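Engineer: Data: final-v4.txt, compact mmCIF, C-alpha atoms.
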```
# COMPACT_ATOMS: atom_id res chain seq x y z
CA GLY W 525 24.01 35.48 -7.10
CA GLN W 526 26.82 34.28 -9.38
CA PHE W 527 28.48 32.46 -6.48
CA CYS W 528 25.22 30.64 -5.66
CA SER W 529 24.69 29.79 -9.32
CA ARG W 530 28.18 28.31 -9.64
CA TRP W 531 27.46 26.06 -6.69
CA MET W 532 24.08 25.06 -8.12
CA MET W 533 25.66 24.08 -11.43
CA ARG W 534 27.84 21.63 -9.52
CA VAL W 535 24.70 19.51 -9.24
CA PHE W 536 25.65 18.53 -12.82
CA PRO W 537 29.35 17.68 -12.33
CA PHE W 538 29.39 15.35 -15.34
CA ALA W 539 28.15 18.06 -17.71
CA LYS W 540 30.57 19.85 -20.01
CA LYS W 541 29.89 23.59 -19.87
CA VAL W 542 31.12 25.32 -23.04
CA VAL W 543 31.35 29.06 -23.67
CA VAL W 544 31.71 30.05 -27.33
CA VAL W 545 33.03 33.61 -27.62
CA ASP W 546 35.75 35.13 -29.76
CA LYS W 547 38.73 36.78 -28.07
CA GLU W 548 37.95 40.26 -29.39
CA THR W 549 34.41 40.16 -27.97
CA HIS W 550 35.62 38.74 -24.64
CA GLU W 551 38.29 41.41 -24.15
CA ALA W 552 36.43 44.41 -25.59
CA ASP W 553 35.56 47.41 -23.43
CA PRO W 554 31.86 46.87 -22.76
CA GLN W 555 29.21 49.38 -23.73
CA PRO W 556 25.75 49.73 -22.15
CA THR W 557 23.77 46.87 -23.63
CA ILE W 558 20.45 45.05 -23.76
CA TRP W 559 21.25 41.31 -23.68
CA ALA W 560 18.79 38.98 -25.44
CA CYS W 561 18.95 35.20 -25.00
CA ASN W 562 16.83 32.24 -26.04
CA HIS W 563 15.07 30.29 -23.27
CA ILE W 564 15.24 26.48 -23.23
CA SER W 565 15.35 25.36 -19.58
CA MET W 566 14.75 26.35 -15.98
CA LEU W 567 18.55 26.24 -15.71
CA ASP W 568 19.09 29.12 -18.14
CA VAL W 569 19.52 32.02 -15.72
CA PHE W 570 21.64 29.96 -13.31
CA PHE W 571 23.85 28.77 -16.19
CA VAL W 572 24.38 32.31 -17.49
CA LEU W 573 25.16 33.68 -14.04
CA ALA W 574 27.56 30.86 -13.23
CA LEU W 575 29.52 31.40 -16.46
CA ASP W 576 29.21 35.18 -16.62
CA LYS W 577 32.93 35.90 -16.25
CA ARG W 578 33.82 33.41 -18.99
CA MET W 579 31.08 34.86 -21.18
CA ARG W 580 31.45 38.62 -20.76
CA GLY W 581 35.02 38.92 -19.49
CA LYS W 582 36.67 40.68 -16.57
CA LYS W 583 35.42 44.11 -17.70
CA ARG W 584 31.76 43.08 -17.77
CA ARG W 585 29.13 45.52 -16.59
CA PRO W 586 26.64 44.66 -13.82
CA ILE W 587 23.41 43.19 -15.12
CA LYS W 588 19.80 42.82 -14.06
CA ILE W 589 17.59 40.20 -15.71
CA LEU W 590 13.84 40.30 -16.32
CA TYR W 591 12.11 37.13 -15.10
CA TRP W 592 8.63 35.65 -14.70
CA LYS W 593 7.36 36.45 -11.22
CA GLY W 594 5.79 33.00 -10.97
CA LEU W 595 9.29 31.59 -10.45
CA GLU W 596 9.17 33.09 -6.97
CA SER W 597 7.00 30.16 -5.93
CA ASN W 598 10.30 28.31 -5.61
CA PRO W 599 12.01 29.65 -2.43
CA VAL W 600 15.53 29.14 -3.84
CA THR W 601 14.73 31.01 -7.04
CA ARG W 602 12.92 33.74 -5.13
CA LEU W 603 15.87 34.29 -2.78
CA LEU W 604 18.43 34.32 -5.61
CA PHE W 605 16.50 36.65 -7.93
CA GLN W 606 15.54 39.09 -5.19
CA MET W 607 19.09 39.07 -3.82
CA CYS W 608 20.36 39.98 -7.32
CA GLY W 609 17.77 42.75 -7.66
CA PHE W 610 16.33 41.16 -10.79
CA ILE W 611 13.13 42.57 -12.27
CA PRO W 612 9.87 40.53 -12.20
CA VAL W 613 7.29 40.40 -14.99
CA GLU W 614 3.83 39.05 -14.22
CA MET W 615 2.02 36.72 -16.64
CA GLU W 616 -0.36 33.77 -16.52
CA ASP W 617 0.98 30.30 -15.79
CA ASN W 618 -0.50 28.82 -18.96
CA GLY W 619 2.13 26.16 -19.67
CA ASN W 620 5.24 26.10 -21.82
CA GLY W 621 4.64 26.27 -25.56
CA ASN W 622 1.42 28.28 -25.19
CA LYS W 623 0.98 31.97 -25.98
CA ASN W 624 2.14 34.28 -23.20
CA GLN W 625 -0.55 36.24 -21.39
CA TYR W 626 1.06 39.16 -19.61
CA ASP W 627 -0.56 41.21 -16.85
CA PRO W 628 -0.74 44.76 -18.30
CA LYS W 629 -0.93 46.21 -14.78
CA SER W 630 2.58 44.93 -13.99
CA PHE W 631 4.18 46.65 -16.99
CA LYS W 632 4.28 50.07 -15.35
CA SER W 633 6.18 48.71 -12.36
CA MET W 634 8.50 46.65 -14.60
CA LEU W 635 9.35 49.64 -16.82
CA LYS W 636 9.96 51.86 -13.78
CA SER W 637 12.36 49.29 -12.29
CA THR W 638 14.09 48.81 -15.64
CA LYS W 639 14.56 52.55 -16.19
CA GLN W 640 16.00 52.88 -12.69
CA ALA W 641 18.43 50.01 -13.32
CA ILE W 642 19.54 51.61 -16.60
CA GLU W 643 20.09 54.97 -14.87
CA GLU W 644 22.16 53.19 -12.20
CA GLY W 645 24.46 51.75 -14.88
CA PHE W 646 23.17 48.20 -15.21
CA ASP W 647 22.91 46.21 -18.40
CA ILE W 648 19.52 44.55 -18.87
CA GLY W 649 19.01 40.88 -19.72
CA ILE W 650 15.81 39.64 -21.31
CA LEU W 651 14.47 36.33 -22.67
CA PRO W 652 12.38 37.45 -25.67
CA GLU W 653 10.43 34.17 -25.90
CA GLY W 654 9.07 34.81 -22.42
CA GLN W 655 8.97 31.16 -21.35
CA PRO W 656 11.10 28.00 -21.75
CA ASN W 657 10.90 26.44 -25.19
CA PRO W 658 10.06 22.71 -25.00
CA THR W 659 11.29 22.07 -28.57
CA PRO W 660 14.33 24.31 -29.29
CA GLU W 661 15.50 21.85 -31.96
CA LEU W 662 12.56 23.13 -34.05
CA GLY W 663 13.52 26.78 -33.64
CA LEU W 664 12.35 29.56 -31.36
CA GLN W 665 8.90 30.16 -29.97
CA PRO W 666 7.25 33.48 -30.93
CA VAL W 667 9.66 36.31 -30.18
CA TYR W 668 8.10 39.24 -28.34
CA GLY W 669 9.15 42.85 -28.82
CA GLY W 670 10.37 43.59 -25.28
CA ALA W 671 14.07 43.59 -26.17
CA PHE W 672 13.48 46.04 -29.02
CA THR W 673 11.32 48.26 -26.79
CA LEU W 674 14.00 48.40 -24.09
CA ALA W 675 16.73 49.06 -26.66
CA ARG W 676 14.76 51.92 -28.20
CA MET W 677 13.83 53.35 -24.80
CA SER W 678 17.42 53.28 -23.53
CA ARG W 679 19.09 53.99 -26.90
CA ARG W 680 21.26 50.92 -26.41
CA PRO W 681 22.19 48.19 -28.89
CA ILE W 682 21.06 44.60 -28.43
CA GLN W 683 23.72 41.92 -27.98
CA MET W 684 22.61 38.34 -28.53
CA LEU W 685 23.30 35.17 -26.60
CA SER W 686 22.20 31.63 -27.42
CA LEU W 687 21.94 28.55 -25.20
CA TYR W 688 22.12 24.95 -26.36
CA GLY W 689 21.56 21.60 -24.67
CA LEU W 690 20.27 22.73 -21.26
CA HIS W 691 16.79 21.36 -21.93
CA LYS W 692 18.28 17.87 -22.11
CA MET W 693 19.52 18.33 -18.55
CA TRP W 694 16.40 19.96 -17.15
CA HIS W 695 13.47 20.05 -19.55
CA PRO W 696 10.81 22.79 -19.40
CA ASP W 697 8.27 20.10 -18.44
CA GLY W 698 10.19 19.64 -15.17
CA SER W 699 11.85 16.33 -16.02
CA MET W 700 15.59 15.95 -15.47
CA GLY W 701 16.56 13.56 -18.24
CA CYS W 702 20.29 14.36 -18.17
CA SER W 703 20.48 12.81 -21.63
CA GLN W 704 23.30 15.02 -22.93
CA ARG W 705 26.62 15.99 -21.34
CA GLN W 706 27.32 19.15 -23.30
CA MET W 707 25.73 22.51 -22.48
CA LYS W 708 26.77 25.55 -24.51
CA VAL W 709 26.33 29.31 -24.54
CA ARG W 710 27.25 31.42 -27.56
CA VAL W 711 28.14 35.07 -27.02
CA TYR W 712 27.76 37.12 -30.20
CA PRO W 713 29.88 40.24 -30.85
CA GLN W 714 28.96 43.68 -29.54
CA ALA W 715 26.73 45.47 -31.99
CA GLU W 716 26.52 49.10 -33.06
CA ARG W 717 23.43 48.24 -35.06
CA MET W 718 20.15 49.75 -33.87
CA TYR W 719 17.07 47.85 -35.06
CA LYS W 720 14.41 49.94 -36.74
CA ASP W 721 11.45 47.89 -35.53
CA ALA W 722 10.52 44.81 -33.51
CA GLU W 723 10.11 42.62 -36.59
CA GLU W 724 13.66 43.32 -37.74
CA PHE W 725 15.01 42.26 -34.34
CA ALA W 726 12.74 39.20 -34.08
CA THR W 727 13.67 37.91 -37.53
CA THR W 728 17.39 38.41 -36.86
CA PHE W 729 17.16 36.81 -33.42
CA GLU W 730 15.29 33.80 -34.82
CA ALA W 731 17.97 33.28 -37.49
CA VAL W 732 21.01 33.77 -35.25
CA SER W 733 20.08 32.62 -31.75
CA GLY W 734 17.48 30.15 -33.00
CA THR W 735 19.96 28.32 -35.22
CA PHE W 736 22.55 27.89 -32.46
CA GLY W 737 19.86 26.91 -29.95
CA ALA W 738 18.62 24.20 -32.30
CA THR W 739 21.95 22.75 -33.46
CA GLY W 740 24.73 23.97 -31.15
CA ARG W 741 26.40 25.50 -34.22
CA ASP W 742 26.40 28.92 -35.87
CA LEU W 743 25.08 29.72 -39.29
CA PRO W 744 27.77 29.64 -41.99
CA LYS W 745 30.25 32.45 -41.29
CA GLN W 746 29.28 34.76 -44.14
CA GLU W 747 25.55 34.31 -43.58
CA LEU W 748 25.97 34.92 -39.85
CA GLN W 749 27.85 38.15 -40.46
CA MET W 750 25.17 39.31 -42.88
CA TRP W 751 22.50 38.76 -40.25
CA LEU W 752 24.55 40.53 -37.58
CA ASP W 753 25.33 43.61 -39.70
CA GLY W 754 21.80 43.90 -41.12
CA THR W 755 22.65 43.00 -44.73
CA MET W 756 20.52 39.86 -44.63
CA TRP W 757 17.54 41.80 -43.29
CA GLN W 758 17.76 44.19 -46.24
CA THR W 759 17.90 41.15 -48.53
CA GLU W 760 14.80 39.79 -46.80
CA LEU W 761 12.96 43.07 -47.28
CA ALA W 762 13.89 43.08 -50.97
CA ARG W 763 12.66 39.48 -51.30
CA ARG W 764 9.33 40.37 -49.68
CA ALA W 765 8.94 43.39 -51.95
CA SER W 766 9.65 41.22 -55.00
CA VAL W 767 7.06 38.64 -53.92
CA GLU W 768 4.49 41.39 -53.33
CA THR W 769 5.21 42.94 -56.76
CA THR W 770 4.84 39.54 -58.44
CA LYS W 771 1.49 38.96 -56.71
CA GLN W 772 0.28 42.42 -57.72
CA ASN W 773 1.32 41.87 -61.36
CA GLN W 774 -0.49 38.54 -61.44
CA GLU W 775 -3.59 40.19 -59.99
CA ASP W 776 -3.43 42.98 -62.57
CA GLN W 777 -3.16 40.40 -65.37
CA ARG W 778 -6.18 38.49 -64.10
CA GLN W 779 -8.47 41.51 -64.00
CA PRO W 780 -8.74 42.03 -67.82
CA GLU W 781 -9.28 38.28 -68.28
CA ASP W 782 -12.06 38.30 -65.68
CA ALA W 783 -13.63 41.30 -67.41
CA LYS W 784 -13.61 39.50 -70.79
CA ILE W 785 -15.23 36.43 -69.28
CA GLY W 786 -17.90 38.67 -67.72
CA GLN W 787 -18.66 40.29 -71.09
CA MET W 788 -18.98 36.90 -72.79
CA ASN W 789 -21.49 35.82 -70.18
```
Once more with this new file: its structure as structure tokens, please.
Structural biologist:
Amino acid sequence: GQFCSRWMMRVFPFAKKVVVVDKETHEADPQPTIWACNHISMLDVFFVLALDKRMRGKKRRPIKILYWKGLESNPVTRLLFQMCGFIPVEMEDNGNGNKNQYDPKSFKSMLKSTKQAIEEGFDIGILPEGQPNPTPELGLQPVYGGAFTLARMSRRPIQMLSLYGLHKMWHPDGSMGCSQRQMKVRVYPQAERMYKDAEEFATTFEAVSGTFGATGRDLPKQELQMWLDGTMWQTELARRASVETTKQNQEDQRQPEDAKIGQMN
């Protein structure tokens, strides 16, 4: 599958393919992982497969990726994904940018295949947005909880990836504008962190992967590290609690005033 993908990417010989990964991450001994990546083009899976060695290093573990079964309508995609043993997910073809409508009946089969792949020693790759994002420069589409569910089920950490610029080569609407030469993938460090719920993962993923996907650049170094180690999420929870307390105090202050006005009437 990687060999075929490398040949396919030669269709764009003028494109500069950049992998952004620090040396420590690239050379680290890999641990069983759930990989989560933003989704901006029909090229995404091919791009990741073609650059897998540059991304995950020589010690990388085998990986199986979850994909929309509708992609099998293309014979090339069907052959590649089935040859790689990737795992299909069924959902309605309701257009990019619209809410995903998954087929609940397919989930049992998908989870069974995923559990088997995990038991066989594969990493799992997932695109939490579920469909290509037509406007990544505006941030991510809604992030679904599948990555968190798989991480909790397998007791594995989530490691994030982010793609940039591929939609300007092959847009989700099917057009091949080829309006930008540079395509990038960012590989974030291995994580020991285990997310406590789907919202914590989604908020972190939106901040980290969403920023790089929109701009081709990371958040400022300190802020990025705070998101990766969970410090920024704790700050966000404290901010939300403060806002809620302020609202409650304002409501409590209004009640006596409302009561006085009622007595006067």
Engineer: Could you work out how far atom CA of Asp647 of chain W lies from atom CA of Thr557 of chain W, giving the answer in Å with one decimal?
Structural biologist: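 That distance, rounded to one decimal, is 5.3 Å.
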Engineer: Using only C-alpha atoms, which protein or nucleic acid residues come within 8 Å of segment 757-770 of chain W? Drop anything in the same chain fewer than 2 positions from it, and give the result as a ChimeraX atom specification.
Structural biologist: /W:724,727-728,751,754-755,772-774
Engineer: Smallest atom-to-atom distance to Leu595 of chain W: which of W:Gln779, W:Gln655, W:Ser633, W:Gln683, using all atoms listed in the file?
Structural biologist: W:Gln655
Engineer: So how many Å separate atom CA of Ile642 of chain W and atom CA of Lys583 of chain W, to one decimal?
Structural biologist: 17.6 Å
Engineer: When distances are computed from all atoms listed in the file, which of W:Gln714, W:Phe729, W:Leu685, W:Met579 shows the smallest separation from Val542 of chain W?
Structural biologist: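 Using all atoms listed in the file, Val542 of chain W sits closest to W:Met579.
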Engineer: Which one of W:Leu573, W:Ile558, W:Leu603, W:Ile564 sits closest to Tyr688 of chain W if you count only C-alpha atoms?
Structural biologist: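 Smallest distance to Tyr688 of chain W is found for W:Ile564.
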Engineer: Could you tell me which of W:Gly654, W:Pro744, W:Gly649, W:Pro660 comes closest to Val572 of chain W if we count only C-alpha atoms?
Structural biologist: W:Gly649
Engineer: Tell me which protein, DNA and RNA residues are within 9 Å of Lys593 of chain W, counting all atoms listed in the file, leaving out same-chain ones fewer than 3 positions away, and put them as a list of chain:residue names.
Structural biologist: W:Glu596, W:Ser597, W:Arg602, W:Ile611, W:Pro612, W:Val613, W:Glu614, W:Met615
Engineer: Export, as a PDB file, in the coordinates of the input, the selected residues with C-alpha atoms.
Structural biologist:
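Final file, selection-v7.pdb:
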```
ATOM      1  CA  GLU W 596       9.170  33.090  -6.970  1.00  0.00           C
ATOM      2  CA  SER W 597       7.000  30.160  -5.930  1.00  0.00           C
ATOM      3  CA  ARG W 602      12.920  33.740  -5.130  1.00  0.00           C
ATOM      4  CA  ILE W 611      13.130  42.570 -12.270  1.00  0.00           C
ATOM      5  CA  PRO W 612       9.870  40.530 -12.200  1.00  0.00           C
ATOM      6  CA  VAL W 613       7.290  40.400 -14.990  1.00  0.00           C
ATOM      7  CA  GLU W 614       3.830  39.050 -14.220  1.00  0.00           C
ATOM      8  CA  MET W 615       2.020  36.720 -16.640  1.00  0.00           C
TER       9      MET W 615
END
```
Engineer: Return as AutoDock Vina command-line options the centre and edge lengths, in Å with one decimal, of the box along x, y and z that encloses every atom of segment 732-741 of chain W in the file, padded by 3 Å per side.
Structural biologist:
```
--center_x 21.9 --center_y 28.3 --center_z -32.6 --size_x 14.9 --size_y 17.0 --size_z 11.3
```
Engineer: To one decimal in Å, tell me the separation between atom CA of His550 of chain W and atom CA of Lys639 of chain W.
Structural biologist: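 Taking atom CA of His550 of chain W as the start and atom CA of Lys639 of chain W as the end point, the length is 26.6 Å.
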Engineer: Report as a list in words all protein, DNA and RNA residues lying within 10 Å of Phe725 of chain W, evaluated on only C-alpha atoms, omitting residues in the same chain fewer than 6 positions from it.
Structural biologist: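 Near neighbours after the sequence-gap exclusion: Val667, Tyr668, Gly669, Ala671, Phe672, Ile682, Met718, Tyr719, Ala731, Gly754 and Trp757 of chain W.
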Engineer: Taking all atoms listed in the file into account, name the residue in W:Glu661, W:Glu775, W:Glu643, W:Asp546 that is nearest to Phe736 of chain W.
Structural biologist: W:Glu661
Engineer: For a quick check of understanding, using all atoms listed in the file, which of W:Met607, W:Ala726, W:Val709, W:Ala675 has the smallest distance to Val545 of chain W?
Structural biologist: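 Ranking W:Met607, W:Ala726, W:Val709, W:Ala675 by distance to Val545 of chain W, first place goes to W:Val709.
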Engineer: So that each row is one residue of segment 651-770 of chain W with an atom at most 8 Å from segment 559-562 of chain W, can you give its shortest atom pair and the distance in Å to one decimal, using only C-alpha atoms, rows by chain and rising number, as JSON lines?
Structural biologist:
```
{"residue": "W:Leu651", "atom": "CA", "partner": "W:Cys561", "partner_atom": "CA", "distance": 5.2}
{"residue": "W:Pro652", "atom": "CA", "partner": "W:Ala560", "partner_atom": "CA", "distance": 6.6}
{"residue": "W:Glu653", "atom": "CA", "partner": "W:Asn562", "partner_atom": "CA", "distance": 6.7}
{"residue": "W:Leu664", "atom": "CA", "partner": "W:Asn562", "partner_atom": "CA", "distance": 7.5}
{"residue": "W:Ala671", "atom": "CA", "partner": "W:Ala560", "partner_atom": "CA", "distance": 6.6}
{"residue": "W:Ile682", "atom": "CA", "partner": "W:Trp559", "partner_atom": "CA", "distance": 5.8}
{"residue": "W:Gln683", "atom": "CA", "partner": "W:Trp559", "partner_atom": "CA", "distance": 5.0}
{"residue": "W:Met684", "atom": "CA", "partner": "W:Ala560", "partner_atom": "CA", "distance": 5.0}
{"residue": "W:Leu685", "atom": "CA", "partner": "W:Cys561", "partner_atom": "CA", "distance": 4.6}
{"residue": "W:Ser686", "atom": "CA", "partner": "W:Cys561", "partner_atom": "CA", "distance": 5.4}
{"residue": "W:Leu687", "atom": "CA", "partner": "W:Asn562", "partner_atom": "CA", "distance": 6.4}
{"residue": "W:Ser733", "atom": "CA", "partner": "W:Asn562", "partner_atom": "CA", "distance": 6.6}
{"residue": "W:Gly734", "atom": "CA", "partner": "W:Asn562", "partner_atom": "CA", "distance": 7.3}
{"residue": "W:Gly737", "atom": "CA", "partner": "W:Asn562", "partner_atom": "CA", "distance": 7.3}
```
Engineer: Which residues, written as a VMD selection string, have at least one atom at most 9 Å from His691 of chain W, with all atoms listed in the file counted and residues fewer than 4 positions away on the same chain left out?
Structural biologist: chain W and resid 564 to 568 656 to 660 695 to 696 700 to 702
Engineer: How would segment 657-668 of chain W look with all heavy atoms restored, written as a CSV table (one decimal), in the frame of the given file?
Structural biologist:
```csv
chain,number,residue,atom,x,y,z
W,657,ASN,N,11.3,27.1,-23.9
W,657,ASN,CA,10.9,26.4,-25.2
W,657,ASN,C,11.0,24.9,-25.1
W,657,ASN,O,12.2,24.4,-24.9
W,657,ASN,CB,11.8,27.0,-26.3
W,657,ASN,CG,11.4,26.4,-27.7
W,657,ASN,OD1,10.5,25.6,-27.8
W,657,ASN,ND2,12.1,26.9,-28.7
W,658,PRO,N,9.9,24.2,-25.1
W,658,PRO,CA,10.1,22.7,-25.0
W,658,PRO,C,10.7,22.0,-26.2
W,658,PRO,O,11.1,20.8,-26.1
W,658,PRO,CB,8.6,22.3,-24.8
W,658,PRO,CG,7.8,23.3,-25.4
W,658,PRO,CD,8.5,24.6,-25.2
W,659,THR,N,10.7,22.7,-27.4
W,659,THR,CA,11.3,22.1,-28.6
W,659,THR,C,12.3,23.0,-29.3
W,659,THR,O,12.0,23.4,-30.4
W,659,THR,CB,10.2,21.7,-29.5
W,659,THR,OG1,9.4,22.8,-29.8
W,659,THR,CG2,9.3,20.6,-28.9
W,660,PRO,N,13.4,23.4,-28.6
W,660,PRO,CA,14.3,24.3,-29.3
W,660,PRO,C,14.9,23.8,-30.6
W,660,PRO,O,15.4,24.5,-31.4
W,660,PRO,CB,15.4,24.5,-28.2
W,660,PRO,CG,15.3,23.3,-27.3
W,660,PRO,CD,13.9,23.0,-27.3
W,661,GLU,N,14.9,22.4,-30.7
W,661,GLU,CA,15.5,21.8,-32.0
W,661,GLU,C,14.7,22.2,-33.2
W,661,GLU,O,15.1,22.1,-34.3
W,661,GLU,CB,15.6,20.3,-31.8
W,661,GLU,CG,14.3,19.6,-31.6
W,661,GLU,CD,13.8,19.6,-30.2
W,661,GLU,OE1,14.4,20.2,-29.3
W,661,GLU,OE2,12.8,18.9,-29.9
W,662,LEU,N,13.4,22.7,-33.0
W,662,LEU,CA,12.6,23.1,-34.0
W,662,LEU,C,12.6,24.6,-34.3
W,662,LEU,O,11.9,25.2,-35.1
W,662,LEU,CB,11.1,22.7,-33.8
W,662,LEU,CG,10.9,21.2,-33.6
W,662,LEU,CD1,9.4,20.9,-33.3
W,662,LEU,CD2,11.3,20.4,-34.8
W,663,GLY,N,13.5,25.3,-33.5
W,663,GLY,CA,13.5,26.8,-33.6
W,663,GLY,C,12.9,27.5,-32.4
W,663,GLY,O,12.4,26.8,-31.5
W,664,LEU,N,12.9,28.8,-32.5
W,664,LEU,CA,12.4,29.6,-31.4
W,664,LEU,C,10.8,29.5,-31.3
W,664,LEU,O,10.2,29.3,-32.3
W,664,LEU,CB,12.8,31.0,-31.5
W,664,LEU,CG,14.3,31.3,-31.4
W,664,LEU,CD1,14.6,32.8,-31.5
W,664,LEU,CD2,15.0,30.6,-30.3
W,665,GLN,N,10.3,29.8,-30.1
W,665,GLN,CA,8.9,30.2,-30.0
W,665,GLN,C,8.7,31.6,-30.5
W,665,GLN,O,9.7,32.3,-30.8
W,665,GLN,CB,8.5,30.1,-28.5
W,665,GLN,CG,8.7,28.7,-27.9
W,665,GLN,CD,8.2,28.6,-26.5
W,665,GLN,OE1,7.2,28.1,-26.1
W,665,GLN,NE2,9.1,29.2,-25.6
W,666,PRO,N,7.4,32.1,-30.5
W,666,PRO,CA,7.2,33.5,-30.9
W,666,PRO,C,8.1,34.4,-30.1
W,666,PRO,O,8.2,34.3,-28.9
W,666,PRO,CB,5.7,33.7,-30.7
W,666,PRO,CG,5.1,32.3,-30.8
W,666,PRO,CD,6.2,31.4,-30.3
W,667,VAL,N,8.8,35.4,-30.8
W,667,VAL,CA,9.7,36.3,-30.2
W,667,VAL,C,8.9,37.6,-29.9
W,667,VAL,O,8.4,38.2,-30.9
W,667,VAL,CB,10.9,36.6,-31.1
W,667,VAL,CG1,11.8,37.7,-30.5
W,667,VAL,CG2,11.7,35.3,-31.3
W,668,TYR,N,8.8,38.0,-28.7
W,668,TYR,CA,8.1,39.2,-28.3
W,668,TYR,C,9.0,40.5,-28.5
W,668,TYR,O,10.2,40.3,-28.5
W,668,TYR,CB,7.5,39.1,-26.9
W,668,TYR,CG,6.4,38.1,-26.8
W,668,TYR,CD1,6.7,36.7,-26.7
W,668,TYR,CD2,5.1,38.5,-27.0
W,668,TYR,CE1,5.7,35.8,-26.6
W,668,TYR,CE2,4.1,37.5,-27.0
W,668,TYR,CZ,4.4,36.2,-26.8
W,668,TYR,OH,3.4,35.3,-26.7
```
